[in-house]
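Chemist: So here's work-v2.tsv (TSV, C-alpha atoms).
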```tsv
chain	number	residue	atom	x	y	z
F	4	MET	CA	29.62	10.90	-35.39
F	5	THR	CA	30.81	7.58	-36.80
F	6	LEU	CA	34.35	6.47	-37.53
F	7	TYR	CA	33.59	6.98	-41.23
F	8	ASP	CA	32.83	10.67	-40.54
F	9	VAL	CA	36.22	11.06	-38.89
F	10	PHE	CA	38.03	9.59	-41.92
F	11	ASP	CA	35.85	11.64	-44.24
F	12	TRP	CA	36.84	14.78	-42.35
F	13	LEU	CA	40.52	13.74	-42.46
F	14	GLU	CA	40.29	13.29	-46.21
F	15	GLN	CA	38.99	16.87	-46.57
F	16	THR	CA	42.00	18.47	-44.83
F	17	PRO	CA	44.02	20.91	-47.00
F	18	ILE	CA	47.05	18.57	-47.05
F	19	GLY	CA	44.96	15.71	-48.41
F	20	GLU	CA	43.32	18.04	-50.94
F	21	ALA	CA	46.70	19.35	-52.11
F	22	ILE	CA	48.09	15.84	-52.69
F	23	ARG	CA	44.97	14.70	-54.53
F	24	GLY	CA	45.04	17.82	-56.67
F	25	SER	CA	48.57	17.14	-57.92
F	26	SER	CA	49.71	14.40	-60.26
F	27	TRP	CA	53.26	14.23	-58.86
F	28	LEU	CA	52.96	15.05	-55.12
F	29	PHE	CA	51.74	11.60	-54.08
F	30	PRO	CA	54.53	9.72	-55.93
F	31	VAL	CA	57.23	12.06	-54.59
F	32	VAL	CA	56.05	11.80	-50.97
F	33	GLU	CA	55.63	8.06	-51.43
F	34	ALA	CA	59.22	7.74	-52.72
F	35	ALA	CA	60.52	9.69	-49.71
F	36	HIS	CA	58.49	7.34	-47.50
F	37	LEU	CA	60.35	4.39	-49.08
F	38	VAL	CA	63.77	5.99	-48.55
F	39	GLY	CA	62.80	6.53	-44.91
F	40	LEU	CA	61.71	2.90	-44.73
F	41	ALA	CA	65.18	1.75	-45.78
F	42	LEU	CA	66.84	3.90	-43.12
F	43	LEU	CA	64.34	2.86	-40.46
F	44	GLY	CA	64.71	-0.80	-41.42
F	45	GLY	CA	68.50	-0.64	-41.26
F	46	THR	CA	68.43	1.15	-37.91
F	47	LEU	CA	66.09	-1.41	-36.35
F	48	LEU	CA	67.91	-4.36	-37.91
F	49	LEU	CA	71.33	-3.35	-36.61
F	50	LEU	CA	70.23	-3.88	-33.00
F	51	ASP	CA	67.89	-6.79	-33.81
F	52	LEU	CA	70.69	-8.68	-35.56
F	53	ARG	CA	72.98	-8.00	-32.61
F	54	LEU	CA	70.37	-9.35	-30.21
F	55	LEU	CA	70.09	-12.45	-32.39
F	56	GLY	CA	73.87	-12.88	-32.18
F	57	PHE	CA	74.74	-11.54	-35.65
F	58	GLY	CA	76.06	-8.30	-37.09
F	59	LEU	CA	78.10	-6.10	-34.74
F	60	ARG	CA	78.68	-8.91	-32.22
F	61	GLU	CA	81.71	-7.26	-30.58
F	62	ARG	CA	79.62	-4.27	-29.50
F	63	SER	CA	77.26	-4.27	-26.54
F	64	PRO	CA	73.55	-3.84	-27.20
F	65	ALA	CA	73.64	-0.85	-24.83
F	66	TYR	CA	76.19	0.88	-27.09
F	67	LEU	CA	74.05	0.23	-30.17
F	68	VAL	CA	70.87	1.48	-28.48
F	69	ASP	CA	72.73	4.67	-27.65
F	70	GLN	CA	74.35	5.12	-31.10
F	71	LEU	CA	71.18	4.35	-33.02
F	72	ARG	CA	68.77	6.51	-30.99
F	73	PRO	CA	69.07	9.72	-33.07
F	74	TRP	CA	68.80	7.75	-36.34
F	75	LEU	CA	65.81	5.83	-35.06
F	76	LEU	CA	64.04	9.04	-34.09
F	77	GLY	CA	65.08	10.73	-37.35
F	78	ALA	CA	63.89	7.85	-39.51
F	79	LEU	CA	60.59	7.63	-37.63
F	80	GLY	CA	60.20	11.41	-38.00
F	81	LEU	CA	60.64	11.11	-41.78
F	82	MET	CA	58.17	8.20	-41.87
F	83	PHE	CA	55.49	10.16	-40.01
F	84	ALA	CA	56.17	13.37	-41.95
F	85	THR	CA	55.60	11.51	-45.24
F	86	GLY	CA	53.17	8.80	-44.13
F	87	ILE	CA	50.57	11.08	-42.55
F	88	PRO	CA	50.15	13.21	-45.72
F	89	LEU	CA	49.87	10.01	-47.81
F	90	PHE	CA	47.15	8.80	-45.44
F	91	LEU	CA	45.32	12.13	-45.50
F	92	SER	CA	45.16	12.02	-49.29
F	93	GLU	CA	43.21	8.74	-49.25
F	94	ALA	CA	41.81	8.42	-45.72
F	95	ILE	CA	38.51	6.87	-46.79
F	96	LYS	CA	40.23	4.21	-48.89
F	97	CYS	CA	42.50	3.43	-45.90
F	98	GLN	CA	39.55	3.14	-43.56
F	99	ALA	CA	38.17	0.30	-45.68
F	100	SER	CA	41.56	-1.37	-46.24
F	101	THR	CA	42.42	-4.47	-44.22
F	102	ALA	CA	46.11	-3.91	-45.02
F	103	PHE	CA	45.91	-0.44	-43.48
F	104	GLN	CA	44.27	-1.77	-40.32
F	105	VAL	CA	46.92	-4.49	-40.00
F	106	LYS	CA	49.65	-1.92	-40.55
F	107	MET	CA	48.30	0.48	-37.91
F	108	CYS	CA	47.96	-2.29	-35.32
F	109	ALA	CA	51.46	-3.60	-36.04
F	110	LEU	CA	52.81	-0.04	-36.02
F	111	ALA	CA	51.30	0.75	-32.62
F	112	LEU	CA	52.63	-2.52	-31.22
F	113	GLY	CA	56.01	-1.95	-32.88
F	114	LEU	CA	56.43	1.54	-31.43
F	115	LEU	CA	55.35	0.45	-27.95
F	116	TYR	CA	57.56	-2.62	-28.11
F	117	THR	CA	60.62	-0.78	-29.44
F	118	PHE	CA	60.60	2.09	-26.95
F	119	CYS	CA	59.04	0.46	-23.87
F	120	VAL	CA	60.47	-3.05	-24.11
F	121	ARG	CA	63.30	-3.65	-26.57
F	122	ASN	CA	65.40	-0.52	-26.11
F	123	ARG	CA	64.95	-0.63	-22.32
F	124	LEU	CA	65.81	-4.30	-21.89
F	125	ALA	CA	68.44	-4.65	-24.63
F	126	GLY	CA	71.18	-2.96	-22.61
F	127	LYS	CA	70.33	-4.65	-19.33
F	128	LEU	CA	70.19	-8.32	-20.32
F	129	PRO	CA	73.19	-10.25	-18.99
F	130	GLU	CA	75.25	-11.96	-21.71
F	131	SER	CA	74.16	-15.34	-20.35
F	132	GLN	CA	70.52	-14.77	-21.29
F	133	VAL	CA	71.06	-15.57	-24.94
F	134	TRP	CA	67.54	-16.76	-25.68
F	135	ARG	CA	65.86	-13.74	-24.11
F	136	ALA	CA	68.03	-11.49	-26.25
F	137	ARG	CA	67.17	-13.52	-29.34
F	138	ALA	CA	63.45	-13.32	-28.58
F	139	LEU	CA	63.79	-9.56	-28.10
F	140	GLY	CA	65.31	-9.22	-31.59
F	141	ALA	CA	63.04	-11.72	-33.32
F	142	ILE	CA	59.84	-10.07	-32.06
F	143	SER	CA	61.08	-6.70	-33.30
F	144	ILE	CA	61.90	-8.03	-36.79
F	145	THR	CA	58.52	-9.76	-37.02
F	146	LEU	CA	56.56	-6.67	-35.98
F	147	TRP	CA	58.38	-4.24	-38.25
F	148	PHE	CA	58.44	-6.49	-41.30
F	149	THR	CA	54.67	-6.81	-40.83
F	150	VAL	CA	54.39	-3.02	-40.79
F	151	ALA	CA	56.42	-2.72	-44.01
F	152	ALA	CA	54.68	-5.56	-45.86
F	153	ALA	CA	51.17	-4.44	-44.86
F	154	GLY	CA	52.12	-0.89	-45.87
F	155	ARG	CA	53.09	-2.05	-49.34
F	156	TRP	CA	49.83	-3.97	-49.49
F	157	ILE	CA	47.71	-0.82	-48.97
F	158	GLY	CA	48.59	0.07	-52.54
F	159	PHE	CA	47.19	-3.21	-53.89
F	160	SER	CA	43.75	-2.90	-52.34
M	288	MET	CA	68.48	-9.07	-81.88
M	289	SER	CA	67.95	-5.67	-80.30
M	290	LEU	CA	67.22	-5.36	-76.59
M	291	LEU	CA	63.72	-4.18	-77.41
M	292	ARG	CA	63.07	-7.25	-79.54
M	293	PHE	CA	64.42	-9.40	-76.73
M	294	CYS	CA	62.00	-7.73	-74.29
M	295	GLN	CA	59.13	-8.27	-76.74
M	296	TRP	CA	60.07	-11.94	-76.93
M	297	LEU	CA	60.28	-12.14	-73.10
M	298	ALA	CA	56.82	-10.64	-72.80
M	299	GLU	CA	55.38	-13.43	-74.96
M	300	THR	CA	56.76	-16.23	-72.79
M	301	PRO	CA	54.08	-18.06	-70.78
M	302	TRP	CA	55.70	-17.42	-67.41
M	303	SER	CA	55.93	-13.70	-68.06
M	304	ILE	CA	52.23	-13.56	-68.94
M	305	ALA	CA	51.33	-15.70	-65.91
M	306	LEU	CA	53.31	-13.44	-63.57
M	307	HIS	CA	51.85	-10.31	-65.13
M	308	GLU	CA	48.29	-11.57	-64.76
M	309	SER	CA	48.63	-13.25	-61.37
M	310	LEU	CA	46.45	-11.84	-58.64
M	311	TYR	CA	48.79	-12.53	-55.72
M	312	VAL	CA	52.23	-13.59	-56.97
M	313	TYR	CA	53.11	-10.24	-58.55
M	314	PRO	CA	52.21	-8.22	-55.40
M	315	LEU	CA	54.08	-10.78	-53.28
M	316	VAL	CA	57.19	-10.39	-55.42
M	317	GLU	CA	56.86	-6.61	-55.15
M	318	THR	CA	56.56	-6.89	-51.37
M	319	ALA	CA	59.66	-9.11	-51.27
M	320	HIS	CA	61.43	-6.42	-53.33
M	321	VAL	CA	60.51	-3.70	-50.81
M	322	LEU	CA	61.54	-5.82	-47.80
M	323	SER	CA	64.84	-6.76	-49.44
M	324	ILE	CA	65.54	-3.07	-50.14
M	325	MET	CA	64.90	-2.43	-46.46
M	326	LEU	CA	67.56	-5.00	-45.59
M	327	PHE	CA	70.00	-4.02	-48.34
M	328	VAL	CA	69.86	-0.22	-48.39
M	329	GLY	CA	69.28	-0.14	-44.63
M	330	SER	CA	72.43	-2.09	-43.87
M	331	VAL	CA	74.57	-0.41	-46.54
M	332	SER	CA	73.50	2.97	-45.13
M	333	TYR	CA	75.27	2.14	-41.89
M	334	VAL	CA	78.52	1.36	-43.70
M	335	ASP	CA	78.12	4.70	-45.50
M	336	LEU	CA	77.29	6.57	-42.30
M	337	ARG	CA	80.34	5.02	-40.60
M	338	LEU	CA	82.52	6.13	-43.55
M	339	LEU	CA	81.10	9.62	-43.09
M	340	GLY	CA	81.97	9.48	-39.39
M	341	ALA	CA	78.31	10.10	-38.57
M	342	THR	CA	77.72	7.14	-36.27
M	343	LEU	CA	79.44	4.08	-34.73
M	344	ARG	CA	82.58	6.22	-34.52
M	345	GLU	CA	84.14	3.95	-31.90
M	346	VAL	CA	83.83	0.88	-34.16
M	347	PRO	CA	86.69	0.24	-36.64
M	348	VAL	CA	85.59	0.60	-40.26
M	349	THR	CA	86.66	-2.96	-41.13
M	350	GLU	CA	84.59	-4.31	-38.24
M	351	VAL	CA	81.52	-2.51	-39.61
M	352	THR	CA	82.13	-3.76	-43.16
M	353	SER	CA	82.91	-7.36	-42.21
M	354	ARG	CA	79.93	-7.62	-39.84
M	355	ILE	CA	77.31	-5.74	-41.87
M	356	LEU	CA	78.14	-6.29	-45.54
M	357	PRO	CA	77.17	-10.00	-45.55
M	358	TRP	CA	73.63	-8.86	-44.66
M	359	ALA	CA	73.77	-6.26	-47.39
M	360	PHE	CA	74.74	-8.98	-49.89
M	361	LEU	CA	71.83	-11.11	-48.76
M	362	GLY	CA	69.43	-8.19	-49.20
M	363	PHE	CA	70.99	-7.32	-52.57
M	364	ALA	CA	70.62	-10.91	-53.82
M	365	VAL	CA	66.92	-11.00	-52.93
M	366	ALA	CA	66.44	-7.53	-54.45
M	367	VAL	CA	68.08	-8.63	-57.72
M	368	VAL	CA	66.01	-11.81	-57.97
M	369	SER	CA	62.72	-10.12	-57.06
M	370	GLY	CA	63.55	-7.11	-59.25
M	371	GLY	CA	64.42	-9.41	-62.13
M	372	LEU	CA	61.04	-11.11	-61.76
M	373	LEU	CA	59.27	-7.73	-61.71
M	374	PHE	CA	61.05	-6.83	-64.96
M	375	TYR	CA	60.23	-10.23	-66.43
M	376	ALA	CA	56.53	-9.68	-65.69
M	377	ILE	CA	56.43	-6.36	-67.60
M	378	PRO	CA	59.49	-6.32	-69.88
M	379	VAL	CA	58.61	-3.96	-72.73
M	380	ARG	CA	57.04	-1.13	-70.75
M	381	THR	CA	59.82	-1.30	-68.14
M	382	PHE	CA	62.56	-1.33	-70.77
M	383	LEU	CA	60.99	1.78	-72.34
M	384	SER	CA	60.60	3.55	-68.96
M	385	ILE	CA	62.77	6.63	-68.51
M	386	PHE	CA	62.78	6.00	-64.75
M	387	PHE	CA	63.97	2.43	-65.18
M	388	ARG	CA	66.78	3.65	-67.41
M	389	ILE	CA	67.87	6.29	-64.89
M	390	LYS	CA	67.73	3.59	-62.22
M	391	VAL	CA	70.04	1.33	-64.24
M	392	LEU	CA	72.47	4.22	-64.76
M	393	LEU	CA	72.45	4.89	-61.01
M	394	LEU	CA	73.12	1.21	-60.35
M	395	PHE	CA	76.22	1.52	-62.54
M	396	VAL	CA	77.28	4.66	-60.64
M	397	SER	CA	76.86	2.76	-57.37
M	398	GLY	CA	78.80	-0.20	-58.71
M	399	ILE	CA	81.73	1.95	-59.83
M	400	ASN	CA	81.67	3.77	-56.49
M	401	VAL	CA	81.83	0.43	-54.64
M	402	LEU	CA	84.75	-0.77	-56.79
M	403	LEU	CA	86.73	2.44	-56.24
M	404	LEU	CA	85.95	2.39	-52.52
M	405	HIS	CA	86.95	-1.26	-52.26
M	406	ARG	CA	90.33	-0.55	-53.86
M	407	PHE	CA	90.85	2.48	-51.65
M	408	LEU	CA	89.99	0.49	-48.52
M	409	ASN	CA	92.29	-2.39	-49.48
M	410	ARG	CA	95.20	-0.01	-49.97
M	411	THR	CA	94.81	2.38	-47.07
M	412	VAL	CA	92.28	1.33	-44.43
M	413	HIS	CA	94.87	-0.21	-42.10
M	414	GLY	CA	96.17	3.30	-41.56
M	415	TRP	CA	92.87	4.84	-40.44
M	416	ASP	CA	90.64	1.89	-39.53
M	417	ALA	CA	89.84	3.25	-36.07
M	418	ALA	CA	89.62	6.92	-37.09
M	419	ALA	CA	86.34	8.48	-35.95
M	420	ARG	CA	86.40	10.58	-39.14
M	421	PRO	CA	87.77	8.68	-42.15
M	422	PRO	CA	89.77	10.46	-44.91
M	423	VAL	CA	87.94	12.59	-47.43
M	424	ARG	CA	87.91	9.98	-50.20
M	425	ALA	CA	86.13	7.51	-47.93
M	426	ARG	CA	83.65	10.17	-46.85
M	427	VAL	CA	82.92	11.09	-50.47
M	428	ALA	CA	82.33	7.42	-51.29
M	429	GLY	CA	79.91	7.14	-48.36
M	430	ALA	CA	78.01	10.24	-49.45
M	431	VAL	CA	77.84	9.10	-53.10
M	432	SER	CA	76.56	5.70	-52.00
M	433	LEU	CA	73.85	7.16	-49.74
M	434	ALA	CA	72.67	9.55	-52.47
M	435	ALA	CA	72.80	6.96	-55.26
M	436	TRP	CA	70.84	4.31	-53.35
M	437	ALA	CA	68.23	6.82	-52.22
M	438	LEU	CA	67.79	7.90	-55.86
M	439	VAL	CA	67.64	4.25	-56.98
M	440	ILE	CA	64.70	3.77	-54.60
M	441	VAL	CA	62.99	6.94	-55.85
M	442	MET	CA	63.44	6.01	-59.52
M	443	GLY	CA	62.30	2.45	-58.84
M	444	ARG	CA	59.09	3.70	-57.29
M	445	MET	CA	58.53	6.10	-60.20
M	446	ILE	CA	58.55	3.24	-62.75
M	447	ALA	CA	54.96	2.58	-61.61
M	448	TYR	CA	53.80	5.97	-62.92
M	449	ASP	CA	53.01	6.50	-66.59
M	450	TRP	CA	53.61	10.24	-67.20
M	451	PHE	CA	56.43	9.55	-69.68
M	452	ASP	CA	55.19	6.29	-71.19
M	453	CYS	CA	55.87	5.91	-74.89
M	454	ASN	CA	52.17	5.42	-75.65
M	455	HIS	CA	51.38	8.80	-74.04
M	456	GLN	CA	52.33	11.02	-76.96
M	457	PRO	CA	53.19	13.76	-77.58
M	458	GLN	CA	56.27	13.73	-75.34
M	459	SER	CA	59.27	16.00	-75.62
M	460	GLY	CA	62.05	14.88	-77.94
M	461	PHE	CA	64.31	14.34	-74.97
M	462	VAL	CA	61.87	11.98	-73.25
M	463	ASN	CA	61.34	9.97	-76.43
M	464	TRP	CA	65.07	9.72	-76.95
M	465	ALA	CA	65.94	8.86	-73.34
M	466	ALA	CA	63.14	6.31	-73.03
M	467	GLY	CA	64.00	4.84	-76.43
M	468	CYS	CA	60.43	5.14	-77.67
M	469	PRO	CA	60.04	3.34	-81.02
M	470	LEU	CA	58.23	6.10	-82.96
M	471	GLU	CA	56.83	5.60	-86.42
```
Is it possible to give me this structure as structure tokens?
Modeler:
Amino acid sequence: MTLYDVFDWLEQTPIGEAIRGSSWLFPVVEAAHLVGLALLGGTLLLLDLRLLGFGLRERSPAYLVDQLRPWLLGALGLMFATGIPLFLSEAIKCQASTAFQVKMCALALGLLYTFCVRNRLAGKLPESQVWRARALGAISITLWFTVAAAGRWIGFS
Amino acid sequence: MSLLRFCQWLAETPWSIALHESLYVYPLVETAHVLSIMLFVGSVSYVDLRLLGATLREVPVTEVTSRILPWAFLGFAVAVVSGGLLFYAIPVRTFLSIFFRIKVLLLFVSGINVLLLHRFLNRTVHGWDAAARPPVRARVAGAVSLAAWALVIVMGRMIAYDWFDCNHQPQSGFVNWAAGCPLE
């Protein structure tokens, strides 16, 4: 079985079939995906800006990690709940799309980085380590903006 | 000159045609629009959520607004410029899009909501700045803002789809009226 067969099988799932069979389902799910993107972007940015020394500067990064956790998980939940059906409706097109491959790589890195590195270190960095905090925020912004931009670019291919 | 005539004139300008036909610039502008929405709506959402008392409850409301709104303005400015360019690339079809028109109406609703909220904050916020759960008027403004911006995003995305385009007749009388279709 090749990778193409896997994507071909994914495209044949009932969810993919249902979205392809409807003229309005794809746009509606896509619009919800964009609303989720705004919430996810804002949630990530709030801590990233703080790490860069902007935004809610009077609050500790540890407080923000704690406050933002449910919103981060909620926004990611909405993104997966809408993004996976969108993918299933055009899996074969995605398989051939460079933008999709870039997005999936950046997404995997972004998730790993956010949960295993950024959120763990953000609360523990001493205030004196300004540049480490800035790097922590800058890497996050770079990764997630790549995810968003490459995602938009899937539609152009 | 009617707005439609103005849009027809815009569409004939060389830069509009160049943008419309460009292979990379138009998608790049659209990508900038999406990223700026991420910054703008994402940051405004946290002001709204704070007004609702849903998060950052320990942070005074004025601290949230003064620290976060500058980033929202930045995102809004880029969204307006990139959105303006997207309109400029396809003026006539966009002007006659029912989704674009609903989006503009929602932008007005959001604007009025912001003005009312701003006045309310100026008058009263010193009395409840640190309240975990702001007064009902502030919570209503937060909810209206969240809903309006989410719908603005949805309507903006729908402009790309042509179900109600004027050149797809017959349409219902309501659609033709709301979209301003110039029918012979």
Chemist: Pick from M:Leu383, M:Leu356, M:Val431, M:Cys468: nearest to chain F, with all atoms listed in the file counted?
Modeler: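 For chain F, the nearest of the given residues is M:Leu356.
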Chemist: How far is it from CA of Thr411 (chain M) to CA of Val427 (chain M), in Å with one decimal?
Modeler: 15.1 Å
Chemist: Within 8 Å of chain M, which residues of chain F show up when using all atoms listed in the file, listed as number ranges by chain?
Modeler: F: 30-31, 34-35, 37-38, 40-46, 48-49, 57-60, 70-71, 148, 151-152, 155-156, 159
Chemist: Compile the contact shell of region 109-124 of chain F as a list in words: residues with an atom at most 8 Å away, counting only C-alpha atoms, same-chain residues fewer than 6 positions apart removed.
Modeler: Val68, Leu139, Gly140, Ser143, Leu146, Trp147, Thr149 and Val150 of chain F
Chemist: CA of Phe451 (chain M) and CA of Val396 (chain M), how far apart in Å?
Modeler: 23.2 Å
Chemist: Mind giving me the axis-aligned box for region 146-158 of chain F with 6 Å on every side, centre plus edges in Å to one decimal, as lines of an AutoDock Vina configuration file?
Modeler:
```
center_x = 53.1
center_y = -3.4
center_z = -44.3
size_x = 22.7
size_y = 18.9
size_z = 28.6
```
Chemist: Quick one: of M:Val334, M:Gly362, M:Leu372, M:Leu290, who's nearest to His307 (chain M), counting all atoms listed in the file?
Modeler: M:Leu372
Chemist: So how far away is CA of Leu89 (chain F) from CA of Tyr7 (chain F), in Å?
Modeler: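 Computed distance, CA of Tyr7 (chain F) to CA of Leu89 (chain F), equals 17.8 Å.
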Chemist: Quick one: everything within 10 Å of Asn454 (chain M), counting only C-alpha atoms, minus sequence neighbours fewer than 2 positions away in the same chain. Send it as a list in words.
Modeler: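 Skipping anything fewer than 2 positions along the chain leaves Arg380, Asp449, Trp450, Phe451, Asp452, Gln456, Pro457, Gln458, Cys468, Pro469 and Leu470 of chain M.
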Chemist: Some atoms are missing, so please complete region 435-447 of chain M with N, CA and C atoms and return it as a CSV table (one decimal), keeping the file's coordinate frame.
Modeler:
```csv
chain,number,residue,atom,x,y,z
M,435,ALA,N,73.1,7.8,-54.1
M,435,ALA,CA,72.8,7.0,-55.3
M,435,ALA,C,71.7,5.9,-54.9
M,436,TRP,N,71.8,5.3,-53.7
M,436,TRP,CA,70.8,4.3,-53.4
M,436,TRP,C,69.5,4.9,-53.1
M,437,ALA,N,69.5,6.1,-52.5
M,437,ALA,CA,68.2,6.8,-52.2
M,437,ALA,C,67.6,7.1,-53.6
M,438,LEU,N,68.4,7.6,-54.5
M,438,LEU,CA,67.8,7.9,-55.9
M,438,LEU,C,67.3,6.6,-56.6
M,439,VAL,N,68.1,5.5,-56.4
M,439,VAL,CA,67.6,4.2,-57.0
M,439,VAL,C,66.2,3.9,-56.5
M,440,ILE,N,66.0,4.1,-55.2
M,440,ILE,CA,64.7,3.8,-54.6
M,440,ILE,C,63.6,4.7,-55.2
M,441,VAL,N,64.0,6.0,-55.3
M,441,VAL,CA,63.0,6.9,-55.8
M,441,VAL,C,62.6,6.6,-57.3
M,442,MET,N,63.7,6.3,-58.1
M,442,MET,CA,63.4,6.0,-59.5
M,442,MET,C,62.7,4.7,-59.6
M,443,GLY,N,63.0,3.7,-58.8
M,443,GLY,CA,62.3,2.4,-58.8
M,443,GLY,C,60.8,2.6,-58.6
M,444,ARG,N,60.5,3.5,-57.6
M,444,ARG,CA,59.1,3.7,-57.3
M,444,ARG,C,58.4,4.4,-58.4
M,445,MET,N,59.1,5.3,-59.1
M,445,MET,CA,58.5,6.1,-60.2
M,445,MET,C,58.2,5.3,-61.4
M,446,ILE,N,58.8,4.1,-61.6
M,446,ILE,CA,58.6,3.2,-62.8
M,446,ILE,C,57.0,2.9,-62.8
M,447,ALA,N,56.4,2.9,-61.6
M,447,ALA,CA,55.0,2.6,-61.6
M,447,ALA,C,54.1,3.7,-62.3
```
